[in-house]
file my_file.pdb (PDB, C-alpha atoms, pLDDT in the B column)
ATOM      1  CA  MET A   1     -53.303  39.092 -59.522  1.00 66.00           C
ATOM      2  CA  THR A   2     -56.671  39.844 -57.983  1.00 68.00           C
ATOM      3  CA  THR A   3     -59.650  37.595 -58.443  1.00 82.00           C
ATOM      4  CA  GLU A   4     -62.458  39.895 -57.294  1.00 94.00           C
ATOM      5  CA  THR A   5     -63.348  43.558 -57.063  1.00 96.00           C
ATOM      6  CA  PHE A   6     -64.997  45.109 -54.025  1.00 97.00           C
ATOM      7  CA  VAL A   7     -66.691  48.498 -54.323  1.00 96.00           C
ATOM      8  CA  VAL A   8     -66.361  50.915 -51.410  1.00 95.00           C
ATOM      9  CA  ALA A   9     -69.005  53.661 -51.310  1.00 92.00           C
ATOM     10  CA  TYR A  10     -66.672  56.293 -49.870  1.00 88.00           C
ATOM     11  CA  GLU A  11     -67.919  59.622 -48.522  1.00 82.00           C
ATOM     12  CA  ASN A  12     -64.883  60.757 -46.507  1.00 72.00           C
ATOM     13  CA  LYS A  13     -67.007  61.564 -43.499  1.00 70.00           C
ATOM     14  CA  GLU A  14     -66.414  60.723 -39.865  1.00 63.00           C
ATOM     15  CA  GLY A  15     -66.218  56.955 -39.544  1.00 55.00           C
ATOM     16  CA  ASP A  16     -65.188  56.268 -43.141  1.00 63.00           C
ATOM     17  CA  ASP A  17     -61.668  55.394 -41.943  1.00 76.00           C
ATOM     18  CA  GLY A  18     -63.227  52.364 -40.274  1.00 88.00           C
ATOM     19  CA  LEU A  19     -65.058  51.568 -43.498  1.00 91.00           C
ATOM     20  CA  LEU A  20     -61.895  51.827 -45.573  1.00 94.00           C
ATOM     21  CA  ASP A  21     -59.841  49.869 -43.028  1.00 94.00           C
ATOM     22  CA  TYR A  22     -62.441  47.094 -42.984  1.00 95.00           C
ATOM     23  CA  ALA A  23     -62.606  46.956 -46.793  1.00 96.00           C
ATOM     24  CA  ILE A  24     -58.790  46.833 -47.006  1.00 97.00           C
ATOM     25  CA  ALA A  25     -58.608  44.006 -44.458  1.00 97.00           C
ATOM     26  CA  ARG A  26     -61.301  42.049 -46.269  1.00 96.00           C
ATOM     27  CA  ALA A  27     -59.697  42.642 -49.677  1.00 97.00           C
ATOM     28  CA  LYS A  28     -56.374  41.349 -48.347  1.00 96.00           C
ATOM     29  CA  LYS A  29     -58.049  38.161 -47.085  1.00 95.00           C
ATOM     30  CA  ASP A  30     -59.875  37.586 -50.365  1.00 94.00           C
ATOM     31  CA  ASN A  31     -57.125  38.794 -52.734  1.00 94.00           C
ATOM     32  CA  ALA A  32     -59.484  41.435 -54.108  1.00 96.00           C
ATOM     33  CA  ALA A  33     -59.019  44.848 -55.658  1.00 97.00           C
ATOM     34  CA  LEU A  34     -60.866  47.862 -54.254  1.00 97.00           C
ATOM     35  CA  LEU A  35     -62.841  50.327 -56.335  1.00 97.00           C
ATOM     36  CA  LEU A  36     -63.507  53.489 -54.323  1.00 96.00           C
ATOM     37  CA  VAL A  37     -66.675  55.255 -55.425  1.00 95.00           C
ATOM     38  CA  HIS A  38     -67.757  58.742 -54.425  1.00 92.00           C
ATOM     39  CA  ILE A  39     -70.985  60.267 -55.641  1.00 90.00           C
ATOM     40  CA  LEU A  40     -71.706  63.968 -55.446  1.00 86.00           C
ATOM     41  CA  GLU A  41     -75.455  64.386 -55.022  1.00 77.00           C
ATOM     42  CA  TRP A  42     -76.999  66.323 -57.842  1.00 67.00           C
ATOM     43  CA  SER A  43     -80.573  66.904 -58.807  1.00 61.00           C
ATOM     44  CA  PRO A  44     -81.446  67.718 -62.400  1.00 61.00           C
ATOM     45  CA  TYR A  45     -84.805  69.109 -61.291  1.00 57.00           C
ATOM     46  CA  LYS A  46     -84.021  72.786 -61.358  1.00 63.00           C
ATOM     47  CA  PHE A  47     -84.890  75.275 -64.054  1.00 67.00           C
ATOM     48  CA  LEU A  48     -81.775  77.092 -65.231  1.00 68.00           C
ATOM     49  CA  THR A  49     -80.953  79.684 -67.838  1.00 73.00           C
ATOM     50  CA  PRO A  50     -78.402  78.777 -70.536  1.00 76.00           C
ATOM     51  CA  GLN A  51     -75.794  80.883 -68.713  1.00 79.00           C
ATOM     52  CA  GLU A  52     -76.521  79.103 -65.417  1.00 75.00           C
ATOM     53  CA  ILE A  53     -76.219  75.731 -67.152  1.00 72.00           C
ATOM     54  CA  GLU A  54     -72.792  76.696 -68.504  1.00 76.00           C
ATOM     55  CA  GLU A  55     -71.657  77.956 -65.092  1.00 79.00           C
ATOM     56  CA  ARG A  56     -73.018  74.849 -63.393  1.00 77.00           C
ATOM     57  CA  HIS A  57     -71.121  72.611 -65.817  1.00 73.00           C
ATOM     58  CA  ALA A  58     -67.859  74.445 -65.049  1.00 79.00           C
ATOM     59  CA  ARG A  59     -68.556  74.218 -61.293  1.00 82.00           C
ATOM     60  CA  ARG A  60     -69.265  70.498 -61.587  1.00 82.00           C
ATOM     61  CA  LYS A  61     -65.899  69.914 -63.252  1.00 83.00           C
ATOM     62  CA  GLN A  62     -64.169  71.839 -60.463  1.00 86.00           C
ATOM     63  CA  GLU A  63     -66.090  69.961 -57.757  1.00 85.00           C
ATOM     64  CA  LEU A  64     -65.241  66.593 -59.321  1.00 84.00           C
ATOM     65  CA  ALA A  65     -61.543  67.452 -59.541  1.00 86.00           C
ATOM     66  CA  ARG A  66     -61.463  68.778 -55.972  1.00 88.00           C
ATOM     67  CA  ALA A  67     -63.307  65.755 -54.558  1.00 85.00           C
ATOM     68  CA  LYS A  68     -60.870  63.421 -56.300  1.00 87.00           C
ATOM     69  CA  GLU A  69     -57.853  65.351 -55.048  1.00 90.00           C
ATOM     70  CA  VAL A  70     -59.048  65.863 -51.470  1.00 87.00           C
ATOM     71  CA  MET A  71     -61.018  62.680 -50.801  1.00 88.00           C
ATOM     72  CA  LEU A  72     -60.307  59.848 -53.187  1.00 91.00           C
ATOM     73  CA  ASP A  73     -56.592  60.291 -53.909  1.00 93.00           C
ATOM     74  CA  PRO A  74     -55.587  60.010 -50.213  1.00 93.00           C
ATOM     75  CA  ALA A  75     -57.886  57.006 -49.729  1.00 93.00           C
ATOM     76  CA  LEU A  76     -56.506  55.362 -52.863  1.00 95.00           C
ATOM     77  CA  ALA A  77     -52.958  55.985 -51.612  1.00 96.00           C
ATOM     78  CA  LYS A  78     -53.919  54.126 -48.413  1.00 95.00           C
ATOM     79  CA  VAL A  79     -55.200  51.201 -50.507  1.00 96.00           C
ATOM     80  CA  HIS A  80     -51.964  51.074 -52.513  1.00 97.00           C
ATOM     81  CA  ALA A  81     -49.858  51.406 -49.340  1.00 97.00           C
ATOM     82  CA  ALA A  82     -51.627  48.288 -48.065  1.00 97.00           C
ATOM     83  CA  GLY A  83     -50.333  46.447 -51.128  1.00 96.00           C
ATOM     84  CA  LEU A  84     -53.676  46.215 -52.886  1.00 97.00           C
ATOM     85  CA  GLU A  85     -54.780  47.061 -56.387  1.00 96.00           C
ATOM     86  CA  GLY A  86     -57.226  49.932 -56.399  1.00 96.00           C
ATOM     87  CA  ASP A  87     -58.983  52.479 -58.526  1.00 96.00           C
ATOM     88  CA  CYS A  88     -61.599  55.171 -58.016  1.00 95.00           C
ATOM     89  CA  ARG A  89     -64.683  56.592 -59.669  1.00 94.00           C
ATOM     90  CA  ILE A  90     -66.423  59.851 -58.949  1.00 92.00           C
ATOM     91  CA  ARG A  91     -69.726  60.876 -60.433  1.00 90.00           C
ATOM     92  CA  TYR A  92     -72.654  63.246 -60.019  1.00 85.00           C
ATOM     93  CA  GLY A  93     -76.149  61.959 -59.368  1.00 86.00           C
ATOM     94  CA  SER A  94     -78.162  59.625 -57.183  1.00 87.00           C
ATOM     95  CA  VAL A  95     -75.857  57.836 -54.731  1.00 89.00           C
ATOM     96  CA  VAL A  96     -77.746  54.552 -54.507  1.00 91.00           C
ATOM     97  CA  GLU A  97     -78.377  54.223 -58.243  1.00 92.00           C
ATOM     98  CA  LEU A  98     -74.838  55.114 -59.292  1.00 93.00           C
ATOM     99  CA  VAL A  99     -73.009  52.985 -56.710  1.00 94.00           C
ATOM    100  CA  ALA A 100     -75.123  49.983 -57.752  1.00 95.00           C
ATOM    101  CA  GLU A 101     -74.541  50.788 -61.437  1.00 95.00           C
ATOM    102  CA  ILE A 102     -70.777  51.153 -61.014  1.00 96.00           C
ATOM    103  CA  ALA A 103     -70.625  47.904 -59.047  1.00 96.00           C
ATOM    104  CA  SER A 104     -72.434  46.154 -61.869  1.00 95.00           C
ATOM    105  CA  GLU A 105     -70.201  47.714 -64.560  1.00 95.00           C
ATOM    106  CA  ALA A 106     -67.091  46.651 -62.633  1.00 95.00           C
ATOM    107  CA  SER A 107     -68.429  43.116 -62.082  1.00 96.00           C
ATOM    108  CA  ALA A 108     -67.906  43.699 -58.374  1.00 96.00           C
ATOM    109  CA  SER A 109     -68.631  40.837 -56.032  1.00 96.00           C
ATOM    110  CA  MET A 110     -69.427  42.987 -52.985  1.00 96.00           C
ATOM    111  CA  ILE A 111     -70.210  46.556 -51.931  1.00 96.00           C
ATOM    112  CA  PHE A 112     -69.020  48.079 -48.659  1.00 94.00           C
ATOM    113  CA  VAL A 113     -70.860  51.108 -47.306  1.00 91.00           C
ATOM    114  CA  GLY A 114     -70.712  52.928 -43.995  1.00 87.00           C
ATOM    115  CA  ARG A 115     -73.749  53.028 -41.772  1.00 78.00           C
ATOM    116  CA  SER A 116     -75.290  56.471 -42.001  1.00 64.00           C
ATOM    117  CA  GLY A 117     -76.174  56.697 -38.319  1.00 56.00           C
ATOM    118  CA  THR A 118     -78.908  59.192 -39.065  1.00 54.00           C
ATOM    119  CA  GLN A 119     -82.214  58.952 -37.285  1.00 54.00           C
ATOM    120  CA  SER A 120     -83.851  61.815 -39.144  1.00 55.00           C
ATOM    121  CA  MET A 121     -87.458  61.626 -40.212  1.00 48.00           C
ATOM    122  CA  ALA A 122     -86.449  61.942 -43.877  1.00 49.00           C
ATOM    123  CA  ALA A 123     -84.140  58.924 -43.574  1.00 49.00           C
ATOM    124  CA  ARG A 124     -86.913  56.942 -41.929  1.00 48.00           C
ATOM    125  CA  ILE A 125     -89.414  57.812 -44.649  1.00 46.00           C
ATOM    126  CA  PHE A 126     -87.232  57.794 -47.754  1.00 47.00           C
ATOM    127  CA  GLY A 127     -84.508  55.428 -46.594  1.00 56.00           C
ATOM    128  CA  SER A 128     -80.770  55.812 -46.351  1.00 80.00           C
ATOM    129  CA  VAL A 129     -77.941  54.996 -48.740  1.00 83.00           C
ATOM    130  CA  PRO A 130     -76.975  51.738 -46.943  1.00 83.00           C
ATOM    131  CA  LEU A 131     -80.576  50.507 -46.933  1.00 82.00           C
ATOM    132  CA  GLY A 132     -81.097  51.602 -50.528  1.00 87.00           C
ATOM    133  CA  LEU A 133     -78.000  49.727 -51.665  1.00 89.00           C
ATOM    134  CA  ALA A 134     -79.039  46.648 -49.728  1.00 85.00           C
ATOM    135  CA  GLN A 135     -82.320  46.720 -51.646  1.00 87.00           C
ATOM    136  CA  VAL A 136     -81.183  47.510 -55.203  1.00 88.00           C
ATOM    137  CA  ALA A 137     -77.618  46.210 -55.539  1.00 91.00           C
ATOM    138  CA  SER A 138     -77.155  43.021 -57.523  1.00 91.00           C
ATOM    139  CA  VAL A 139     -74.340  41.911 -55.196  1.00 94.00           C
ATOM    140  CA  PRO A 140     -74.103  41.563 -51.398  1.00 94.00           C
ATOM    141  CA  THR A 141     -73.871  44.869 -49.540  1.00 93.00           C
ATOM    142  CA  VAL A 142     -71.869  44.991 -46.324  1.00 92.00           C
ATOM    143  CA  ILE A 143     -72.923  47.801 -43.993  1.00 89.00           C
ATOM    144  CA  VAL A 144     -69.959  48.745 -41.817  1.00 89.00           C
ATOM    145  CA  PRO A 145     -70.662  50.496 -38.500  1.00 82.00           C
TER     146      PRO A 145
END

call {"tool": "encode", "arguments": {"input": "my_file.pdb", "output": "structure tokens"}}
result
Amino acid sequence: MTTETFVVAYENKEGDDGLLDYAIARAKKDNAALLLVHILEWSPYKFLTPQEIEERHARRKQELARAKEVMLDPALAKVHAAGLEGDCRIRYGSVVELVAEIASEASASMIFVGRSGTQSMAARIFGSVPLGLAQVASVPTVIVP
């Protein structure tokens, strides 16, 4: 039986294998379960017709199902193959806000996130997901290189 839950902000981009491997190793040491979280960025600030809203809703459902099948299911299989309890969540919205919210809902004791590695001007001005989580999360955030 697990005693803690660790959230992994999983994007399935280059380098996330290291993130997942690190989270698995740490969960094994601490007898923790892993909750893999993937957020599809979505902005509600767009004016749409009723038909576009209906089409967008159908597309969102397809995107959520595809992301789960292609990204989260294989990662979750890796967690289970390591002998750990695991689950996943996928949502649409603001990455930082939703990862922090899901961690809180799950009573997680830690969040693992990959370093973005971006040096863009936008990231410098507006911040990145790892820095945003470090600022707003109610639990420790581990930034994995």

call {"tool": "residues_around", "arguments": {"input": "my_file.pdb", "residues": "A:Val99", "least_positions_apart": "4", "cutoff": "10 Å", "atoms": "only C-alpha atoms", "output": "VMD selection string"}}
result
chain A and resid 7 to 10 36 to 39 89 to 91 93 to 95 103 to 105 111 113 129 133 136 to 137

call {"tool": "closest_residue", "arguments": {"input": "my_file.pdb", "among": "A:Pro140, A:Pro50, A:Pro145, A:Gly132", "to": "A:Gly114", "atoms": "only C-alpha atoms"}}
result
A:Pro145

call {"tool": "closest_residue", "arguments": {"input": "my_file.pdb", "among": "A:Ala65, A:Leu84, A:Gln51, A:Val96", "to": "A:Lys29", "atoms": "only C-alpha atoms"}}
result
A:Leu84

call {"tool": "atom_distance", "arguments": {"input": "my_file.pdb", "atom1": "atom CA of A:Ala106", "atom2": "atom CA of A:Asp87"}}
result
10.8 Å

call {"tool": "resolve_selection", "arguments": {"input": "my_file.pdb", "expression": "the PyMOL selection byres ((chain A and resi 75) around 9)", "output": "JSON, numbers by chain"}}
result
{"A": [10, 12, 17, 20, 36, 71, 72, 73, 74, 76, 77, 78, 79, 80]}

call {"tool": "atom_distance", "arguments": {"input": "my_file.pdb", "atom1": "atom CA of A:Glu4", "atom2": "atom CA of A:Ala32"}}
result
4.6 Å

call {"tool": "atom_distance", "arguments": {"input": "my_file.pdb", "atom1": "atom CA of A:Arg59", "atom2": "atom CA of A:Phe112"}}
result
29.0 Å

call {"tool": "residues_around", "arguments": {"input": "my_file.pdb", "residues": "A:Val144", "least_positions_apart": "2", "cutoff": "10 Å", "atoms": "all atoms listed in the file", "output": "PyMOL selection string"}}
result
chain A and resi 15-16+18-20+22-23+112-116+130+141-142

call {"tool": "residues_near_point", "arguments": {"input": "my_file.pdb", "point": "(-59.8, 37.5, -56.8)", "cutoff": "10 Å", "atoms": "all atoms listed in the file", "output": "number ranges by chain"}}
result
A: 1-6, 27-33, 109

call {"tool": "axis_aligned_box", "arguments": {"input": "my_file.pdb", "around": "stretch 86-89 of chain A", "padding_each_side": "6 Å", "output": "lines of an AutoDock Vina configuration file"}}
result
center_x = -61.0
center_y = 53.3
center_z = -58.0
size_x = 19.5
size_y = 18.7
size_z = 15.3

call {"tool": "closest_residue", "arguments": {"input": "my_file.pdb", "among": "A:Ala82, A:Glu97, A:Arg26, A:Tyr92", "to": "A:His57", "atoms": "all atoms listed in the file"}}
result
A:Tyr92

call {"tool": "decode", "arguments": {"input": "my_file.pdb", "residues": "stretch 11-41 of chain A", "atoms": "N, CA and C atoms", "output": "PDB file, in the first residue's frame"}}
result
ATOM      1  N   GLU A  11       4.712  15.711 -20.391  1.00  0.00           N
ATOM      2  CA  GLU A  11       4.422  16.303 -21.697  1.00  0.00           C
ATOM      3  C   GLU A  11       4.769  15.392 -22.867  1.00  0.00           C
ATOM      4  N   ASN A  12       5.493  14.309 -22.600  1.00  0.00           N
ATOM      5  CA  ASN A  12       5.925  13.380 -23.637  1.00  0.00           C
ATOM      6  C   ASN A  12       6.777  14.069 -24.697  1.00  0.00           C
ATOM      7  N   LYS A  13       7.649  14.938 -24.239  1.00  0.00           N
ATOM      8  CA  LYS A  13       8.581  15.578 -25.164  1.00  0.00           C
ATOM      9  C   LYS A  13       9.968  15.014 -24.884  1.00  0.00           C
ATOM     10  N   GLU A  14      10.916  15.418 -25.709  1.00  0.00           N
ATOM     11  CA  GLU A  14      12.284  14.937 -25.537  1.00  0.00           C
ATOM     12  C   GLU A  14      12.763  15.255 -24.119  1.00  0.00           C
ATOM     13  N   GLY A  15      13.263  14.250 -23.439  1.00  0.00           N
ATOM     14  CA  GLY A  15      13.748  14.436 -22.082  1.00  0.00           C
ATOM     15  C   GLY A  15      12.772  13.969 -21.018  1.00  0.00           C
ATOM     16  N   ASP A  16      11.497  13.765 -21.387  1.00  0.00           N
ATOM     17  CA  ASP A  16      10.518  13.335 -20.399  1.00  0.00           C
ATOM     18  C   ASP A  16      10.757  11.905 -19.922  1.00  0.00           C
ATOM     19  N   ASP A  17      11.515  11.093 -20.704  1.00  0.00           N
ATOM     20  CA  ASP A  17      11.856   9.761 -20.221  1.00  0.00           C
ATOM     21  C   ASP A  17      12.693   9.873 -18.955  1.00  0.00           C
ATOM     22  N   GLY A  18      13.606  10.843 -18.939  1.00  0.00           N
ATOM     23  CA  GLY A  18      14.409  11.076 -17.743  1.00  0.00           C
ATOM     24  C   GLY A  18      13.545  11.530 -16.580  1.00  0.00           C
ATOM     25  N   LEU A  19      12.565  12.365 -16.867  1.00  0.00           N
ATOM     26  CA  LEU A  19      11.627  12.819 -15.846  1.00  0.00           C
ATOM     27  C   LEU A  19      10.853  11.645 -15.279  1.00  0.00           C
ATOM     28  N   LEU A  20      10.300  10.822 -16.155  1.00  0.00           N
ATOM     29  CA  LEU A  20       9.510   9.677 -15.700  1.00  0.00           C
ATOM     30  C   LEU A  20      10.385   8.669 -14.958  1.00  0.00           C
ATOM     31  N   ASP A  21      11.576   8.411 -15.472  1.00  0.00           N
ATOM     32  CA  ASP A  21      12.492   7.484 -14.795  1.00  0.00           C
ATOM     33  C   ASP A  21      12.843   7.981 -13.398  1.00  0.00           C
ATOM     34  N   TYR A  22      13.106   9.276 -13.270  1.00  0.00           N
ATOM     35  CA  TYR A  22      13.443   9.849 -11.972  1.00  0.00           C
ATOM     36  C   TYR A  22      12.257   9.735 -11.007  1.00  0.00           C
ATOM     37  N   ALA A  23      11.060  10.060 -11.496  1.00  0.00           N
ATOM     38  CA  ALA A  23       9.867   9.982 -10.651  1.00  0.00           C
ATOM     39  C   ALA A  23       9.599   8.539 -10.209  1.00  0.00           C
ATOM     40  N   ILE A  24       9.809   7.583 -11.120  1.00  0.00           N
ATOM     41  CA  ILE A  24       9.625   6.167 -10.771  1.00  0.00           C
ATOM     42  C   ILE A  24      10.623   5.759  -9.694  1.00  0.00           C
ATOM     43  N   ALA A  25      11.890   6.121  -9.877  1.00  0.00           N
ATOM     44  CA  ALA A  25      12.917   5.768  -8.894  1.00  0.00           C
ATOM     45  C   ALA A  25      12.597   6.373  -7.525  1.00  0.00           C
ATOM     46  N   ARG A  26      12.173   7.616  -7.528  1.00  0.00           N
ATOM     47  CA  ARG A  26      11.854   8.283  -6.266  1.00  0.00           C
ATOM     48  C   ARG A  26      10.607   7.678  -5.622  1.00  0.00           C
ATOM     49  N   ALA A  27       9.615   7.331  -6.429  1.00  0.00           N
ATOM     50  CA  ALA A  27       8.397   6.714  -5.901  1.00  0.00           C
ATOM     51  C   ALA A  27       8.696   5.348  -5.288  1.00  0.00           C
ATOM     52  N   LYS A  28       9.605   4.607  -5.912  1.00  0.00           N
ATOM     53  CA  LYS A  28       9.994   3.304  -5.351  1.00  0.00           C
ATOM     54  C   LYS A  28      10.642   3.485  -3.982  1.00  0.00           C
ATOM     55  N   LYS A  29      11.520   4.465  -3.862  1.00  0.00           N
ATOM     56  CA  LYS A  29      12.212   4.720  -2.587  1.00  0.00           C
ATOM     57  C   LYS A  29      11.232   5.122  -1.489  1.00  0.00           C
ATOM     58  N   ASP A  30      10.225   5.913  -1.870  1.00  0.00           N
ATOM     59  CA  ASP A  30       9.307   6.476  -0.883  1.00  0.00           C
ATOM     60  C   ASP A  30       7.976   5.729  -0.795  1.00  0.00           C
ATOM     61  N   ASN A  31       7.864   4.603  -1.503  1.00  0.00           N
ATOM     62  CA  ASN A  31       6.625   3.821  -1.513  1.00  0.00           C
ATOM     63  C   ASN A  31       5.424   4.701  -1.886  1.00  0.00           C
ATOM     64  N   ALA A  32       5.582   5.440  -2.971  1.00  0.00           N
ATOM     65  CA  ALA A  32       4.552   6.380  -3.404  1.00  0.00           C
ATOM     66  C   ALA A  32       3.907   5.919  -4.703  1.00  0.00           C
ATOM     67  N   ALA A  33       2.704   6.398  -4.926  1.00  0.00           N
ATOM     68  CA  ALA A  33       2.014   6.188  -6.196  1.00  0.00           C
ATOM     69  C   ALA A  33       2.309   7.393  -7.088  1.00  0.00           C
ATOM     70  N   LEU A  34       2.243   7.184  -8.397  1.00  0.00           N
ATOM     71  CA  LEU A  34       2.457   8.282  -9.340  1.00  0.00           C
ATOM     72  C   LEU A  34       1.145   8.637 -10.033  1.00  0.00           C
ATOM     73  N   LEU A  35       0.895   9.919 -10.136  1.00  0.00           N
ATOM     74  CA  LEU A  35      -0.243  10.441 -10.876  1.00  0.00           C
ATOM     75  C   LEU A  35       0.317  11.251 -12.035  1.00  0.00           C
ATOM     76  N   LEU A  36       0.209  10.705 -13.242  1.00  0.00           N
ATOM     77  CA  LEU A  36       0.708  11.373 -14.442  1.00  0.00           C
ATOM     78  C   LEU A  36      -0.338  12.374 -14.915  1.00  0.00           C
ATOM     79  N   VAL A  37       0.095  13.602 -15.133  1.00  0.00           N
ATOM     80  CA  VAL A  37      -0.820  14.669 -15.523  1.00  0.00           C
ATOM     81  C   VAL A  37      -0.334  15.286 -16.826  1.00  0.00           C
ATOM     82  N   HIS A  38      -1.243  15.369 -17.784  1.00  0.00           N
ATOM     83  CA  HIS A  38      -0.923  16.038 -19.051  1.00  0.00           C
ATOM     84  C   HIS A  38      -2.001  17.082 -19.301  1.00  0.00           C
ATOM     85  N   ILE A  39      -1.557  18.279 -19.603  1.00  0.00           N
ATOM     86  CA  ILE A  39      -2.485  19.374 -19.865  1.00  0.00           C
ATOM     87  C   ILE A  39      -2.318  19.825 -21.310  1.00  0.00           C
ATOM     88  N   LEU A  40      -3.417  19.850 -22.022  1.00  0.00           N
ATOM     89  CA  LEU A  40      -3.428  20.395 -23.375  1.00  0.00           C
ATOM     90  C   LEU A  40      -3.771  21.870 -23.252  1.00  0.00           C
ATOM     91  N   GLU A  41      -2.856  22.719 -23.698  1.00  0.00           N
ATOM     92  CA  GLU A  41      -3.077  24.168 -23.604  1.00  0.00           C
ATOM     93  C   GLU A  41      -4.323  24.546 -24.390  1.00  0.00           C
TER      94      GLU A  41
END
